[in-house]
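Source file: work27.cif; contents: mmCIF, C-alpha atoms and all ligand atoms.
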```cif
data_protein
#
loop_
_atom_site.group_PDB
_atom_site.id
_atom_site.type_symbol
_atom_site.label_atom_id
_atom_site.label_comp_id
_atom_site.auth_asym_id
_atom_site.auth_seq_id
_atom_site.Cartn_x
_atom_site.Cartn_y
_atom_site.Cartn_z
ATOM 1 C CA MET V 1 0.000 0.000 0.000
ATOM 2 C CA ASP V 2 1.173 3.484 -0.697
ATOM 3 C CA TRP V 3 0.942 6.360 1.719
ATOM 4 C CA ASN V 4 -2.512 7.419 0.471
ATOM 5 C CA GLN V 5 -3.950 3.923 1.005
ATOM 6 C CA TRP V 6 -2.451 3.672 4.527
ATOM 7 C CA SER V 7 -3.842 7.014 5.411
ATOM 8 C CA ALA V 8 -7.292 5.982 4.113
ATOM 9 C CA VAL V 9 -7.215 2.825 6.298
ATOM 10 C CA ALA V 10 -5.975 4.807 9.296
ATOM 11 C CA GLY V 11 -8.727 7.351 8.673
ATOM 12 C CA LEU V 12 -11.293 4.585 8.521
ATOM 13 C CA SER V 13 -10.140 2.929 11.720
ATOM 14 C CA SER V 14 -10.060 6.156 13.655
ATOM 15 C CA ALA V 15 -13.573 6.913 12.366
ATOM 16 C CA ALA V 16 -14.620 3.412 13.475
ATOM 17 C CA LEU V 17 -13.007 3.977 16.898
ATOM 18 C CA ALA V 18 -14.798 7.272 17.238
ATOM 19 C CA LEU V 19 -18.084 5.580 16.330
ATOM 20 C CA ALA V 20 -17.453 2.818 18.867
ATOM 21 C CA ALA V 21 -16.705 5.450 21.521
ATOM 22 C CA VAL V 22 -19.946 7.237 20.679
ATOM 23 C CA GLY V 23 -21.759 3.888 20.923
ATOM 24 C CA ILE V 24 -20.291 3.165 24.357
ATOM 25 C CA ALA V 25 -21.083 6.683 25.573
ATOM 26 C CA LEU V 26 -24.673 6.389 24.307
ATOM 27 C CA GLN V 27 -25.079 3.023 26.015
ATOM 28 C CA ALA V 28 -23.735 4.465 29.284
ATOM 29 C CA HIS V 29 -26.042 7.439 28.916
ATOM 30 C CA ARG V 30 -29.048 5.149 28.362
ATOM 31 C CA THR V 31 -28.134 3.017 31.379
ATOM 32 C CA GLU V 32 -27.727 6.124 33.515
ATOM 33 C CA HIS V 33 -30.994 7.582 32.172
ATOM 34 C CA ARG V 34 -32.832 4.349 32.929
ATOM 35 C CA ARG V 35 -31.339 4.167 36.422
ATOM 36 C CA SER V 36 -32.330 7.732 37.233
ATOM 37 C CA ARG V 37 -35.876 7.134 35.909
ATOM 38 C CA PHE V 38 -36.187 4.072 38.188
ATOM 39 C CA GLU V 39 -34.951 6.167 41.101
ATOM 40 C CA THR V 40 -37.588 8.787 40.320
ATOM 41 C CA ALA V 41 -40.271 6.057 40.224
ATOM 42 C CA ARG V 42 -39.095 4.733 43.601
ATOM 43 C CA SER V 43 -39.123 8.203 45.147
ATOM 44 C CA LEU V 44 -42.684 8.743 43.872
ATOM 45 C CA LEU V 45 -43.804 5.542 45.622
ATOM 46 C CA HIS V 46 -41.940 6.672 48.745
ATOM 47 C CA GLU V 47 -43.857 9.957 48.552
ATOM 48 C CA LEU V 48 -47.134 8.079 49.090
ATOM 49 C CA THR V 49 -46.106 5.810 51.906
ATOM 50 C CA ALA V 50 -43.388 7.415 54.053
ATOM 51 C CA GLY V 51 -42.901 10.466 56.237
ATOM 52 C CA GLU V 52 -45.803 12.895 56.532
ATOM 53 C CA SER V 53 -47.876 10.808 54.124
ATOM 54 C CA ALA V 54 -47.735 7.819 56.464
ATOM 55 C CA VAL V 55 -49.232 9.974 59.252
ATOM 56 C CA ALA V 56 -51.815 11.500 56.908
ATOM 57 C CA ARG V 57 -52.832 8.032 55.710
ATOM 58 C CA ASN V 58 -53.808 7.058 59.254
ATOM 59 C CA TYR V 59 -56.147 10.021 59.545
ATOM 60 C CA VAL V 60 -57.643 9.428 56.106
ATOM 61 C CA ALA V 61 -58.055 5.720 56.923
ATOM 62 C CA ARG V 62 -60.134 6.689 59.970
ATOM 63 C CA LEU V 63 -62.315 8.911 57.791
ATOM 64 C CA HIS V 64 -62.589 6.092 55.257
ATOM 65 C CA TYR V 65 -63.151 3.058 57.506
ATOM 66 C CA GLY V 66 -64.638 4.869 60.502
ATOM 67 C CA SER V 67 -68.158 3.582 59.987
ATOM 68 C CA SER V 68 -67.193 0.015 59.078
ATOM 69 C CA ASN V 69 -66.999 -2.790 61.669
ATOM 70 C CA SER V 70 -63.208 -2.796 61.825
ATOM 71 C CA GLY V 71 -62.773 0.965 61.776
ATOM 72 C CA THR V 72 -62.123 3.543 64.492
ATOM 73 C CA SER V 73 -64.461 6.505 64.231
ATOM 74 C CA PRO V 74 -62.711 9.798 63.570
ATOM 75 C CA ASP V 75 -63.152 12.434 66.252
ATOM 76 C CA LEU V 76 -64.237 15.598 64.456
ATOM 77 C CA SER V 77 -65.959 17.062 67.509
ATOM 78 C CA THR V 78 -63.600 19.990 68.069
ATOM 79 C CA THR V 79 -62.162 22.425 65.527
ATOM 80 C CA ALA V 80 -58.625 21.447 66.527
ATOM 81 C CA GLN V 81 -59.358 17.757 65.931
ATOM 82 C CA ALA V 82 -61.217 18.376 62.695
ATOM 83 C CA ASP V 83 -58.328 20.534 61.423
ATOM 84 C CA LEU V 84 -55.982 17.552 61.731
ATOM 85 C CA TYR V 85 -58.281 15.479 59.513
ATOM 86 C CA PHE V 86 -58.702 18.284 56.988
ATOM 87 C CA ALA V 87 -54.907 18.769 56.840
ATOM 88 C CA ALA V 88 -54.341 15.022 56.371
ATOM 89 C CA TYR V 89 -56.965 14.857 53.615
ATOM 90 C CA TYR V 90 -55.385 17.679 51.620
ATOM 91 C CA MET V 91 -51.895 16.316 52.245
ATOM 92 C CA MET V 92 -52.895 13.019 50.621
ATOM 93 C CA LEU V 93 -54.465 14.776 47.643
ATOM 94 C CA TRP V 94 -51.304 16.848 47.139
ATOM 95 C CA SER V 95 -49.140 13.742 47.441
ATOM 96 C CA PHE V 96 -51.130 12.120 44.648
ATOM 97 C CA GLU V 97 -50.833 15.333 42.652
ATOM 98 C CA ARG V 98 -47.021 15.211 42.930
ATOM 99 C CA VAL V 99 -46.996 11.513 42.036
ATOM 100 C CA GLU V 100 -49.156 12.151 38.988
ATOM 101 C CA ALA V 101 -46.920 15.042 37.876
ATOM 102 C CA GLY V 102 -43.819 12.877 38.345
ATOM 103 C CA ARG V 103 -45.392 10.003 36.413
ATOM 104 C CA THR V 104 -46.296 12.356 33.550
ATOM 105 C CA SER V 105 -42.714 13.625 33.336
ATOM 106 C CA LEU V 106 -41.398 10.041 33.398
ATOM 107 C CA ILE V 107 -43.693 9.167 30.501
ATOM 108 C CA ALA V 108 -42.411 12.193 28.548
ATOM 109 C CA GLY V 109 -38.808 10.997 29.014
ATOM 110 C CA GLY V 110 -39.556 7.360 28.209
ATOM 111 C CA ARG V 111 -40.076 5.124 25.232
ATOM 112 C CA ALA V 112 -42.748 6.095 22.748
ATOM 113 C CA ASP V 113 -43.649 2.473 21.863
ATOM 114 C CA GLY V 114 -45.417 1.795 25.160
ATOM 115 C CA GLY V 115 -42.880 -0.793 26.317
ATOM 116 C CA ASP V 116 -41.688 1.325 29.208
ATOM 117 C CA ALA V 117 -40.412 -0.858 32.076
ATOM 118 C CA VAL V 118 -40.206 2.097 34.475
ATOM 119 C CA ILE V 119 -43.859 3.096 34.007
ATOM 120 C CA GLN V 120 -44.871 -0.563 34.258
ATOM 121 C CA TYR V 121 -42.930 -0.858 37.542
ATOM 122 C CA LEU V 122 -44.484 2.343 38.889
ATOM 123 C CA ASP V 123 -48.053 1.625 37.804
ATOM 124 C CA GLU V 124 -48.062 -1.930 39.163
ATOM 125 C CA ARG V 125 -47.119 -0.572 42.601
ATOM 126 C CA LEU V 126 -49.384 2.450 42.425
ATOM 127 C CA ALA V 127 -52.496 0.508 41.449
ATOM 128 C CA TRP V 128 -53.624 -0.656 44.906
ATOM 129 C CA HIS V 129 -53.019 2.783 46.440
ATOM 130 C CA VAL V 130 -55.122 4.371 43.719
ATOM 131 C CA ALA V 131 -57.894 1.759 44.101
ATOM 132 C CA GLU V 132 -57.921 2.338 47.880
ATOM 133 C CA TYR V 133 -58.190 6.093 47.510
ATOM 134 C CA ALA V 134 -60.778 5.934 44.735
ATOM 135 C CA CYS V 135 -63.197 4.985 47.529
ATOM 136 C CA ALA V 136 -61.376 6.704 50.432
ATOM 137 C CA ILE V 137 -61.450 10.196 48.908
ATOM 138 C CA PRO V 138 -65.233 10.462 48.389
ATOM 139 C CA GLN V 139 -65.859 8.769 51.776
ATOM 140 C CA ALA V 140 -63.465 11.120 53.567
ATOM 141 C CA ARG V 141 -64.905 14.111 51.724
ATOM 142 C CA ALA V 142 -68.444 13.211 52.838
ATOM 143 C CA ARG V 143 -67.370 12.953 56.491
ATOM 144 C CA LEU V 144 -65.351 16.150 56.382
ATOM 145 C CA GLY V 145 -68.184 17.923 54.548
ATOM 146 C CA ALA V 146 -70.534 17.091 57.405
ATOM 147 C CA ALA V 147 -68.064 18.701 59.835
ATOM 148 C CA ALA V 148 -67.151 21.699 57.624
ATOM 149 C CA SER V 149 -68.653 25.093 58.423
ATOM 150 C CA GLU V 150 -69.795 25.538 54.763
ATOM 151 C CA GLY V 151 -71.135 21.959 54.756
ATOM 152 C CA ARG V 152 -68.807 20.905 51.951
ATOM 153 C CA VAL V 153 -65.107 20.437 51.152
ATOM 154 C CA LYS V 154 -63.537 22.598 48.467
ATOM 155 C CA ASP V 155 -61.129 20.192 46.818
ATOM 156 C CA ARG V 156 -61.903 20.236 43.098
ATOM 157 C CA ASP V 157 -58.421 21.468 42.088
ATOM 158 C CA SER V 158 -56.589 19.461 44.743
ATOM 159 C CA ALA V 159 -58.269 16.224 43.639
ATOM 160 C CA ALA V 160 -57.584 16.748 39.912
ATOM 161 C CA GLY V 161 -54.161 15.026 39.976
ATOM 162 C CA PHE V 162 -55.589 11.961 41.714
ATOM 163 C CA LEU V 163 -58.441 11.737 39.192
ATOM 164 C CA ARG V 164 -56.007 11.861 36.247
ATOM 165 C CA LEU V 165 -54.011 9.056 37.859
ATOM 166 C CA LEU V 166 -57.157 6.983 38.464
ATOM 167 C CA SER V 167 -58.254 7.390 34.863
ATOM 168 C CA ALA V 168 -54.752 6.551 33.507
ATOM 169 C CA LEU V 169 -54.562 3.326 35.551
ATOM 170 C CA GLN V 170 -58.121 2.358 34.640
ATOM 171 C CA ASP V 171 -57.257 2.895 30.956
ATOM 172 C CA ARG V 172 -54.316 0.516 31.447
ATOM 173 C CA GLY V 173 -56.601 -2.089 33.050
ATOM 174 C CA MET V 174 -54.719 -1.884 36.382
ATOM 175 C CA VAL V 175 -57.532 -0.418 38.483
ATOM 176 C CA ASP V 176 -61.110 -1.698 38.504
ATOM 177 C CA ARG V 177 -63.403 0.400 36.317
ATOM 178 C CA THR V 178 -66.152 0.025 38.912
ATOM 179 C CA PHE V 179 -64.494 2.869 40.814
ATOM 180 C CA LEU V 180 -66.098 6.057 39.625
ATOM 181 C CA PRO V 181 -64.211 9.302 39.185
ATOM 182 C CA ASP V 182 -64.741 11.283 42.377
ATOM 183 C CA ALA V 183 -67.604 9.212 43.816
ATOM 184 C CA CYS V 184 -68.008 5.904 45.589
ATOM 185 C CA PRO V 185 -70.528 3.783 43.639
ATOM 186 C CA GLY V 186 -71.759 2.462 47.009
ATOM 187 C CA GLY V 187 -71.738 -0.819 48.906
ATOM 188 C CA GLY V 188 -72.602 -3.880 46.834
ATOM 189 C CA VAL V 189 -71.026 -2.232 43.765
ATOM 190 C CA CYS V 190 -67.816 -0.641 45.074
ATOM 191 C CA PRO V 191 -65.134 -3.322 45.456
ATOM 192 C CA CYS V 192 -63.539 -1.542 48.435
ATOM 193 C CA GLU V 193 -63.233 -3.494 51.718
ATOM 194 C CA CYS V 194 -64.845 -0.685 53.726
ATOM 195 C CA HIS V 195 -68.280 -1.815 52.500
ATOM 196 C CA GLN V 196 -67.906 -5.355 53.862
HETATM 197 ZN ZN ZN W 201 -66.624 2.594 48.074
HETATM 198 ZN ZN ZN W 202 -63.886 2.195 50.808
#
```

Kindly return the structure encoded in the file as structure tokens.
Ligand SMILES: [Zn+2]
Ligand SMILES: [Zn+2]
Amino acid sequence: MDWNQWSAVAGLSSAALALAAVGIALQAHRTEHRRSRFETARSLLHELTAGESAVARNYVARLHYGSSNSGTSPDLSTTAQADLYFAAYYMMLWSFERVEAGRTSLIAGGRADGGDAVIQYLDERLAWHVAEYACAIPQARARLGAAASEGRVKDRDSAAGFLRLLSALQDRGMVDRTFLPDACPGGGVCPCECHQ
């Protein structure tokens, strides 16, 4: 080979090396991207179950199950007591709002073909929480409404994130369609345990 041919081969191999380096970098980037998306999904699940949410869940559970056989009735007799239940109720709605916002941003950064393992992981773990609250929210709202000075709870905006999440998981077949948006369909129809 003459000098020109050698230089063509050398040019080719350095181009191939550069391409391989780009390939490795892309792969590393994808792995890192996937890892950080999984971490986001885990932190969204944590948001619903740990810290302040864990405390709020106990209050909302009393509002939800208070009239069932196994439940403890919530004490809404004083303003100070009722305020704790109101705060817990809104805290749960806002938690769901943050989870829904996080899920939406994960979807935007994911695969367009629907085969998104991160969303699958998140939705499978979210489903029972969403099913539980599909009944808990209207039940809690009814109890709080009875204790509220205006006779109702103003939560239309606060509940919007939860309702989007409910509808998304119902569309994916992960939450029972019997749950109505923003209303409990009632005992005998609603699959929630509180009616048993
Ligand atoms: Zn129900
Ligand atoms: Zn229920």

### Query
What does the PyMOL selection byres (((chain V and resi 183) around 9) and not hetatm) select in this file, as an MDAnalysis selection string?
chainID V and resid 134:135 137:139 179:182 184:186

Quick one: what's the axis-aligned box for region 34-53 of chain V, all listed atoms, 4 Å on every side, centre and edges in Å to one decimal, as lines of an AutoDock Vina configuration file?
```
center_x = -39.6
center_y = 8.5
center_z = 44.7
size_x = 24.5
size_y = 16.8
size_z = 31.6
```

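Take the candidates V:Gly102, V:Gly66, V:Gly23, V:Gly109 and check each one against ligand ZN 202 (chain W) using all atoms listed in the file; the shortest distance goes to V:Gly66.
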
### Query
Any chance you could work out the residue set of the PyMOL selection byres (((chain V and resi 99) around 8) and not hetatm) here, as a list in words?
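Selected by the PyMOL selection byres (((chain V and resi 99) around 8) and not hetatm) in this file: Leu44, Leu45, Glu47, Leu48, Ser95, Phe96, Glu97, Arg98, Glu100, Ala101, Gly102 and Arg103 of chain V.
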
Based on the selection just made, write C-alpha atoms of those residues as a PDB file, in the frame of the given file.
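Wrote it out as part_36.pdb, contents follow:
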```pdb
ATOM      1  CA  LEU V  44     -42.684   8.743  43.872  1.00  0.00           C
ATOM      2  CA  LEU V  45     -43.804   5.542  45.622  1.00  0.00           C
ATOM      3  CA  GLU V  47     -43.857   9.957  48.552  1.00  0.00           C
ATOM      4  CA  LEU V  48     -47.134   8.079  49.090  1.00  0.00           C
ATOM      5  CA  SER V  95     -49.140  13.742  47.441  1.00  0.00           C
ATOM      6  CA  PHE V  96     -51.130  12.120  44.648  1.00  0.00           C
ATOM      7  CA  GLU V  97     -50.833  15.333  42.652  1.00  0.00           C
ATOM      8  CA  ARG V  98     -47.021  15.211  42.930  1.00  0.00           C
ATOM      9  CA  GLU V 100     -49.156  12.151  38.988  1.00  0.00           C
ATOM     10  CA  ALA V 101     -46.920  15.042  37.876  1.00  0.00           C
ATOM     11  CA  GLY V 102     -43.819  12.877  38.345  1.00  0.00           C
ATOM     12  CA  ARG V 103     -45.392  10.003  36.413  1.00  0.00           C
TER      13      ARG V 103
END
```

### Task
Counting all atoms listed in the file, find the residues whose atoms lie at most 9 Å from (-68.4, 18.3, 64.9) (file coordinates) and write them out as a list in words.
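Answer for this query, in the requested form: Asp75, Leu76, Ser77, Thr78, Thr79, Ala82, Ala146, Ala147 and Ala148 of chain V.
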
Got a sec: who's within 12 Å of region 84-87 of chain V, counting all atoms listed in the file, leaving out chain neighbours fewer than 5 positions off, as a PDB file with C-alpha atoms, in the coordinates of the input?
```pdb
ATOM      1  CA  GLU V  52     -45.803  12.895  56.532  1.00  0.00           C
ATOM      2  CA  SER V  53     -47.876  10.808  54.124  1.00  0.00           C
ATOM      3  CA  VAL V  55     -49.232   9.974  59.252  1.00  0.00           C
ATOM      4  CA  ALA V  56     -51.815  11.500  56.908  1.00  0.00           C
ATOM      5  CA  ARG V  57     -52.832   8.032  55.710  1.00  0.00           C
ATOM      6  CA  ASN V  58     -53.808   7.058  59.254  1.00  0.00           C
ATOM      7  CA  TYR V  59     -56.147  10.021  59.545  1.00  0.00           C
ATOM      8  CA  VAL V  60     -57.643   9.428  56.106  1.00  0.00           C
ATOM      9  CA  ALA V  61     -58.055   5.720  56.923  1.00  0.00           C
ATOM     10  CA  ARG V  62     -60.134   6.689  59.970  1.00  0.00           C
ATOM     11  CA  LEU V  63     -62.315   8.911  57.791  1.00  0.00           C
ATOM     12  CA  HIS V  64     -62.589   6.092  55.257  1.00  0.00           C
ATOM     13  CA  SER V  73     -64.461   6.505  64.231  1.00  0.00           C
ATOM     14  CA  PRO V  74     -62.711   9.798  63.570  1.00  0.00           C
ATOM     15  CA  ASP V  75     -63.152  12.434  66.252  1.00  0.00           C
ATOM     16  CA  LEU V  76     -64.237  15.598  64.456  1.00  0.00           C
ATOM     17  CA  SER V  77     -65.959  17.062  67.509  1.00  0.00           C
ATOM     18  CA  THR V  78     -63.600  19.990  68.069  1.00  0.00           C
ATOM     19  CA  THR V  79     -62.162  22.425  65.527  1.00  0.00           C
ATOM     20  CA  MET V  92     -52.895  13.019  50.621  1.00  0.00           C
ATOM     21  CA  LEU V  93     -54.465  14.776  47.643  1.00  0.00           C
ATOM     22  CA  TRP V  94     -51.304  16.848  47.139  1.00  0.00           C
ATOM     23  CA  ILE V 137     -61.450  10.196  48.908  1.00  0.00           C
ATOM     24  CA  ALA V 140     -63.465  11.120  53.567  1.00  0.00           C
ATOM     25  CA  ARG V 141     -64.905  14.111  51.724  1.00  0.00           C
ATOM     26  CA  ALA V 142     -68.444  13.211  52.838  1.00  0.00           C
ATOM     27  CA  ARG V 143     -67.370  12.953  56.491  1.00  0.00           C
ATOM     28  CA  LEU V 144     -65.351  16.150  56.382  1.00  0.00           C
ATOM     29  CA  GLY V 145     -68.184  17.923  54.548  1.00  0.00           C
ATOM     30  CA  ALA V 146     -70.534  17.091  57.405  1.00  0.00           C
ATOM     31  CA  ALA V 147     -68.064  18.701  59.835  1.00  0.00           C
ATOM     32  CA  ALA V 148     -67.151  21.699  57.624  1.00  0.00           C
ATOM     33  CA  ARG V 152     -68.807  20.905  51.951  1.00  0.00           C
ATOM     34  CA  VAL V 153     -65.107  20.437  51.152  1.00  0.00           C
ATOM     35  CA  LYS V 154     -63.537  22.598  48.467  1.00  0.00           C
ATOM     36  CA  ASP V 155     -61.129  20.192  46.818  1.00  0.00           C
TER      37      ASP V 155
END
```

Show me which residues sit within 7 Å of ligand ZN 202 (chain W) when counting all atoms listed in the file, and put them as an mmCIF file with C-alpha atoms, in the coordinates of the input.
```cif
data_model
loop_
_atom_site.group_PDB
_atom_site.id
_atom_site.type_symbol
_atom_site.label_atom_id
_atom_site.label_comp_id
_atom_site.auth_asym_id
_atom_site.auth_seq_id
_atom_site.Cartn_x
_atom_site.Cartn_y
_atom_site.Cartn_z
ATOM 1 C CA HIS V 64 -62.589 6.092 55.257
ATOM 2 C CA TYR V 65 -63.151 3.058 57.506
ATOM 3 C CA GLU V 132 -57.921 2.338 47.880
ATOM 4 C CA CYS V 135 -63.197 4.985 47.529
ATOM 5 C CA ALA V 136 -61.376 6.704 50.432
ATOM 6 C CA GLN V 139 -65.859 8.769 51.776
ATOM 7 C CA CYS V 192 -63.539 -1.542 48.435
ATOM 8 C CA GLU V 193 -63.233 -3.494 51.718
ATOM 9 C CA CYS V 194 -64.845 -0.685 53.726
ATOM 10 C CA HIS V 195 -68.280 -1.815 52.500
#
```

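Using all atoms listed in the file for every distance, the candidate list V:Asn4, V:Thr49, V:Ser67, V:Thr40 yields V:Thr40 as the residue closest to Ile119 (chain V).
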
### Message
I'd like the contact shell of Ile107 (chain V) - 12 Å cut-off, all atoms listed in the file, skipping same-chain residues fewer than 4 positions apart - returned as a list in words.
### Response
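Surrounding residues, per the criterion: Arg37, Phe38, Thr40, Ala41, Glu100, Ala101, Gly102, Arg103, Arg111, Ala112, Asp113, Gly114, Gly115, Asp116, Ala117, Val118, Ile119, Gln120, Leu122, Asp123 and Ala168 of chain V.
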
Selected residues, C-alpha atoms, written as a PDB file, keeping the file's coordinate frame, please.
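Written out: part_22.pdb:
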```pdb
ATOM      1  CA  ARG V  37     -35.876   7.134  35.909  1.00  0.00           C
ATOM      2  CA  PHE V  38     -36.187   4.072  38.188  1.00  0.00           C
ATOM      3  CA  THR V  40     -37.588   8.787  40.320  1.00  0.00           C
ATOM      4  CA  ALA V  41     -40.271   6.057  40.224  1.00  0.00           C
ATOM      5  CA  GLU V 100     -49.156  12.151  38.988  1.00  0.00           C
ATOM      6  CA  ALA V 101     -46.920  15.042  37.876  1.00  0.00           C
ATOM      7  CA  GLY V 102     -43.819  12.877  38.345  1.00  0.00           C
ATOM      8  CA  ARG V 103     -45.392  10.003  36.413  1.00  0.00           C
ATOM      9  CA  ARG V 111     -40.076   5.124  25.232  1.00  0.00           C
ATOM     10  CA  ALA V 112     -42.748   6.095  22.748  1.00  0.00           C
ATOM     11  CA  ASP V 113     -43.649   2.473  21.863  1.00  0.00           C
ATOM     12  CA  GLY V 114     -45.417   1.795  25.160  1.00  0.00           C
ATOM     13  CA  GLY V 115     -42.880  -0.793  26.317  1.00  0.00           C
ATOM     14  CA  ASP V 116     -41.688   1.325  29.208  1.00  0.00           C
ATOM     15  CA  ALA V 117     -40.412  -0.858  32.076  1.00  0.00           C
ATOM     16  CA  VAL V 118     -40.206   2.097  34.475  1.00  0.00           C
ATOM     17  CA  ILE V 119     -43.859   3.096  34.007  1.00  0.00           C
ATOM     18  CA  GLN V 120     -44.871  -0.563  34.258  1.00  0.00           C
ATOM     19  CA  LEU V 122     -44.484   2.343  38.889  1.00  0.00           C
ATOM     20  CA  ASP V 123     -48.053   1.625  37.804  1.00  0.00           C
ATOM     21  CA  ALA V 168     -54.752   6.551  33.507  1.00  0.00           C
TER      22      ALA V 168
END
```

### Query
Any idea what the distance is between CA of Arg42 (chain V) and CA of Pro191 (chain V)?
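Between CA of Arg42 (chain V) and CA of Pro191 (chain V) the gap is 27.3 Å.
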
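Using all atoms listed in the file, the shortest contact distance between ligand ZN 201 (chain W) and any of V:Trp3, V:Phe162, V:Tyr133, V:Trp128 is found at V:Tyr133.
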
### Query
How many Å lie between CA of Thr104 (chain V) and CA of Leu165 (chain V), rounded to one decimal?
9.4 Å

### Query
Between V:Ser149, V:Ser158, V:Gln27, V:Gln170, which is the closest to Tyr90 (chain V) once you count only C-alpha atoms?
V:Ser158

Coords for region 104-119 of chain V, N, CA and C atoms, as a PDB file, in the first residue's frame:
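Dumped to part_38.pdb:
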```
ATOM      1  N   THR V 104     -46.156  11.724  34.863  1.00  0.00           N
ATOM      2  CA  THR V 104     -46.296  12.356  33.550  1.00  0.00           C
ATOM      3  C   THR V 104     -44.922  12.731  32.992  1.00  0.00           C
ATOM      4  N   SER V 105     -44.033  13.249  33.846  1.00  0.00           N
ATOM      5  CA  SER V 105     -42.714  13.625  33.336  1.00  0.00           C
ATOM      6  C   SER V 105     -41.885  12.386  33.003  1.00  0.00           C
ATOM      7  N   LEU V 106     -42.100  11.292  33.745  1.00  0.00           N
ATOM      8  CA  LEU V 106     -41.398  10.041  33.398  1.00  0.00           C
ATOM      9  C   LEU V 106     -41.865   9.517  32.040  1.00  0.00           C
ATOM     10  N   ILE V 107     -43.155   9.633  31.784  1.00  0.00           N
ATOM     11  CA  ILE V 107     -43.693   9.167  30.501  1.00  0.00           C
ATOM     12  C   ILE V 107     -43.086   9.990  29.363  1.00  0.00           C
ATOM     13  N   ALA V 108     -42.960  11.309  29.582  1.00  0.00           N
ATOM     14  CA  ALA V 108     -42.411  12.193  28.548  1.00  0.00           C
ATOM     15  C   ALA V 108     -40.953  11.832  28.245  1.00  0.00           C
ATOM     16  N   GLY V 109     -40.221  11.329  29.236  1.00  0.00           N
ATOM     17  CA  GLY V 109     -38.808  10.997  29.014  1.00  0.00           C
ATOM     18  C   GLY V 109     -38.595   9.531  28.695  1.00  0.00           C
ATOM     19  N   GLY V 110     -39.672   8.809  28.418  1.00  0.00           N
ATOM     20  CA  GLY V 110     -39.556   7.360  28.209  1.00  0.00           C
ATOM     21  C   GLY V 110     -39.714   6.957  26.761  1.00  0.00           C
ATOM     22  N   ARG V 111     -39.949   5.670  26.589  1.00  0.00           N
ATOM     23  CA  ARG V 111     -40.076   5.124  25.232  1.00  0.00           C
ATOM     24  C   ARG V 111     -41.454   5.430  24.679  1.00  0.00           C
ATOM     25  N   ALA V 112     -41.487   5.725  23.385  1.00  0.00           N
ATOM     26  CA  ALA V 112     -42.748   6.095  22.748  1.00  0.00           C
ATOM     27  C   ALA V 112     -43.568   4.868  22.361  1.00  0.00           C
ATOM     28  N   ASP V 113     -42.934   3.652  22.370  1.00  0.00           N
ATOM     29  CA  ASP V 113     -43.649   2.473  21.863  1.00  0.00           C
ATOM     30  C   ASP V 113     -44.499   1.777  22.927  1.00  0.00           C
ATOM     31  N   GLY V 114     -44.562   2.365  24.121  1.00  0.00           N
ATOM     32  CA  GLY V 114     -45.417   1.795  25.160  1.00  0.00           C
ATOM     33  C   GLY V 114     -44.731   0.736  25.990  1.00  0.00           C
ATOM     34  N   GLY V 115     -43.573   0.246  25.568  1.00  0.00           N
ATOM     35  CA  GLY V 115     -42.880  -0.793  26.317  1.00  0.00           C
ATOM     36  C   GLY V 115     -41.958  -0.192  27.359  1.00  0.00           C
ATOM     37  N   ASP V 116     -42.515   0.595  28.250  1.00  0.00           N
ATOM     38  CA  ASP V 116     -41.688   1.325  29.208  1.00  0.00           C
ATOM     39  C   ASP V 116     -41.661   0.588  30.548  1.00  0.00           C
ATOM     40  N   ALA V 117     -40.523  -0.040  30.857  1.00  0.00           N
ATOM     41  CA  ALA V 117     -40.412  -0.858  32.076  1.00  0.00           C
ATOM     42  C   ALA V 117     -40.558  -0.014  33.341  1.00  0.00           C
ATOM     43  N   VAL V 118     -40.139   1.244  33.282  1.00  0.00           N
ATOM     44  CA  VAL V 118     -40.206   2.097  34.475  1.00  0.00           C
ATOM     45  C   VAL V 118     -41.666   2.424  34.807  1.00  0.00           C
ATOM     46  N   ILE V 119     -42.439   2.769  33.791  1.00  0.00           N
ATOM     47  CA  ILE V 119     -43.859   3.096  34.007  1.00  0.00           C
ATOM     48  C   ILE V 119     -44.615   1.839  34.445  1.00  0.00           C
TER      49      ILE V 119
END
```
